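Here the structure comes first, spelled out in structure tokens, and everything after it is commentary.
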Amino acid sequence: MAPPPIAALRDVRLSLGGSPLFLGVDIALARGRRTALVGRNGAGKSTLMRILAGDIESDGGEIFLQPGTRVRYLRQEPDFSGAATALDFVAAGLSLDDLWRAQSALLDWSIEDDLPLAKASGGQARRVALAHAFAQAPDVLLLDEPTNHLDVAAIEQLEAQLLAFRGAALVVSHDRRFLETISTDVAWLRQGRVRTLDKGYAQFDAFAAQVEDEEEKAFDKLAVHLK
């Protein structure tokens, strides 16, 4: 039996500029599951994450979060507004008693507490943002292209942290090997809806080919009836 979701979208619809983007999206995130969110460019992967994060509102449908659920969204480009140093950013929102979590997270990512964010390289900025996401002890992680600017060692560090993560994760990435390593299932955003595969990304190509073959056969059958 599948574990109950701690976060979900149900029949979510959204139009942008008068054109429908989501026609009725359903997706469920459960503890211990790491979902690869895939789809062509422009399908709405980042937009779906922003809806789950509460950044934007959908036109209809339901956004469900179990009471008390903590969601952390790692954007493609981190926003360090209001923070001067790495520790300022990672510790934001934590109590003094939990400050150790921020310091420990920065240590995990080989970042000095007093690193000036204005001078951070792309790789440093990404590691600071990841340290912040994990230090906040989230129940749900939304990661949009988390391996951008990371070297091999940092990607392996991220893989290890995700494999040990006990919450739910939704991950967008163009790094196939990374997705194959960390994913437990796949959500395929296609034609305004989501198809799900309860296997890791390594099985996705075969799944996609099967879906497209079934759709082609159904279309051919309909065309015969309409003649």
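In the structure tokens, each chain is lettered A, B, ... as it comes, each chain's residues begin at 1, and ligands are numbered from 1 in order of appearance.
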
### Query
Near Ala83 of chain A, within 10 Å and counting only C-alpha atoms, which residues show up once chain neighbours fewer than 6 positions away are dropped, as a list of chain:residue names?
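Final neighbour list, sorted by chain and number: A:Phe89, A:Val90, A:Ala91, A:Ala92, A:Pro116, A:Leu117, A:Ala118.
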
Write out as JSON lines the residues of segment 118-152 of chain A that have any atom within 6 Å of an atom of segment 53-75 of chain A, one row each with the nearest atom pair and its distance in Å to one decimal, counting only C-alpha atoms, sorted by chain and then rising number.
```
{"residue": "A:Ala133", "atom": "CA", "partner": "A:Arg72", "partner_atom": "CA", "distance": 5.9}
{"residue": "A:Pro138", "atom": "CA", "partner": "A:Arg70", "partner_atom": "CA", "distance": 4.9}
{"residue": "A:Asp139", "atom": "CA", "partner": "A:Arg70", "partner_atom": "CA", "distance": 5.1}
{"residue": "A:Val140", "atom": "CA", "partner": "A:Val71", "partner_atom": "CA", "distance": 4.7}
{"residue": "A:Leu141", "atom": "CA", "partner": "A:Arg72", "partner_atom": "CA", "distance": 5.2}
{"residue": "A:Leu142", "atom": "CA", "partner": "A:Tyr73", "partner_atom": "CA", "distance": 4.6}
{"residue": "A:Leu143", "atom": "CA", "partner": "A:Leu74", "partner_atom": "CA", "distance": 4.9}
{"residue": "A:Asp144", "atom": "CA", "partner": "A:Arg75", "partner_atom": "CA", "distance": 5.4}
```

### Query
Skipping near chain neighbours, those fewer than 4 positions away, what residues fall within 9 Å of Leu130 of chain A using only C-alpha atoms, listed as a PyMOL selection string?
chain A and resi 74+90+105-106+109+125-126+134-135+146+158

Convert the current residue selection to file output with N, CA, C and O atoms, as an mmCIF file, in the first residue's frame.
```
data_model
loop_
_atom_site.group_PDB
_atom_site.id
_atom_site.type_symbol
_atom_site.label_atom_id
_atom_site.label_comp_id
_atom_site.auth_asym_id
_atom_site.auth_seq_id
_atom_site.Cartn_x
_atom_site.Cartn_y
_atom_site.Cartn_z
ATOM 1 N N LEU A 74 13.845 25.133 -3.464
ATOM 2 C CA LEU A 74 15.124 25.575 -3.994
ATOM 3 C C LEU A 74 14.920 26.005 -5.433
ATOM 4 O O LEU A 74 14.730 25.186 -6.326
ATOM 5 N N VAL A 90 21.412 30.978 5.776
ATOM 6 C CA VAL A 90 21.041 29.612 6.151
ATOM 7 C C VAL A 90 20.323 29.579 7.499
ATOM 8 O O VAL A 90 19.430 28.759 7.713
ATOM 9 N N ALA A 105 25.038 22.439 8.520
ATOM 10 C CA ALA A 105 24.707 22.328 7.101
ATOM 11 C C ALA A 105 25.773 23.008 6.248
ATOM 12 O O ALA A 105 26.169 22.482 5.201
ATOM 13 N N LEU A 106 26.231 24.167 6.673
ATOM 14 C CA LEU A 106 27.288 24.857 5.928
ATOM 15 C C LEU A 106 28.578 24.043 5.935
ATOM 16 O O LEU A 106 29.283 23.967 4.918
ATOM 17 N N TRP A 109 28.581 21.361 3.403
ATOM 18 C CA TRP A 109 28.778 21.835 2.033
ATOM 19 C C TRP A 109 30.078 22.617 1.860
ATOM 20 O O TRP A 109 30.277 23.274 0.836
ATOM 21 N N ALA A 125 27.136 29.694 -4.276
ATOM 22 C CA ALA A 125 25.753 30.133 -4.080
ATOM 23 C C ALA A 125 24.804 28.935 -4.062
ATOM 24 O O ALA A 125 23.883 28.861 -3.240
ATOM 25 N N ARG A 126 25.031 27.974 -4.969
ATOM 26 C CA ARG A 126 24.171 26.784 -4.997
ATOM 27 C C ARG A 126 24.326 25.978 -3.719
ATOM 28 O O ARG A 126 23.340 25.504 -3.146
ATOM 29 N N PHE A 134 18.196 22.197 3.567
ATOM 30 C CA PHE A 134 18.277 21.054 4.475
ATOM 31 C C PHE A 134 18.293 21.491 5.938
ATOM 32 O O PHE A 134 17.740 20.792 6.796
ATOM 33 N N ALA A 135 18.895 22.630 6.249
ATOM 34 C CA ALA A 135 18.969 23.092 7.634
ATOM 35 C C ALA A 135 17.601 23.425 8.209
ATOM 36 O O ALA A 135 17.407 23.388 9.428
ATOM 37 N N PRO A 146 18.800 21.356 -9.039
ATOM 38 C CA PRO A 146 19.712 21.532 -7.899
ATOM 39 C C PRO A 146 21.181 21.273 -8.210
ATOM 40 O O PRO A 146 22.049 21.718 -7.448
ATOM 41 N N LEU A 158 25.010 15.802 -2.568
ATOM 42 C CA LEU A 158 23.567 16.019 -2.665
ATOM 43 C C LEU A 158 22.838 14.683 -2.783
ATOM 44 O O LEU A 158 21.797 14.481 -2.152
#
```

### Task
Please report, as a PyMOL selection string, each residue of segment 147-209 of chain A to which DSSP assigns strand (DSSP E or B) when run on this structure's backbone.
chain A and resi 168-172+185-190+193-197

### Query
Please, which residues of segment 41-186 of chain A, numbered as in this document, come out alpha helix (DSSP H) from DSSP, as a PyMOL selection string?
chain A and resi 45-53+86-90+99-108+122-135+152-164+176-182

### Message
I need the residue nearest Val171 of chain A from this list: A:Ala187, A:Leu99, A:Ala28, A:Leu14. Use only C-alpha atoms for the distance.
### Response
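Smallest distance to Val171 of chain A is found for A:Ala187.
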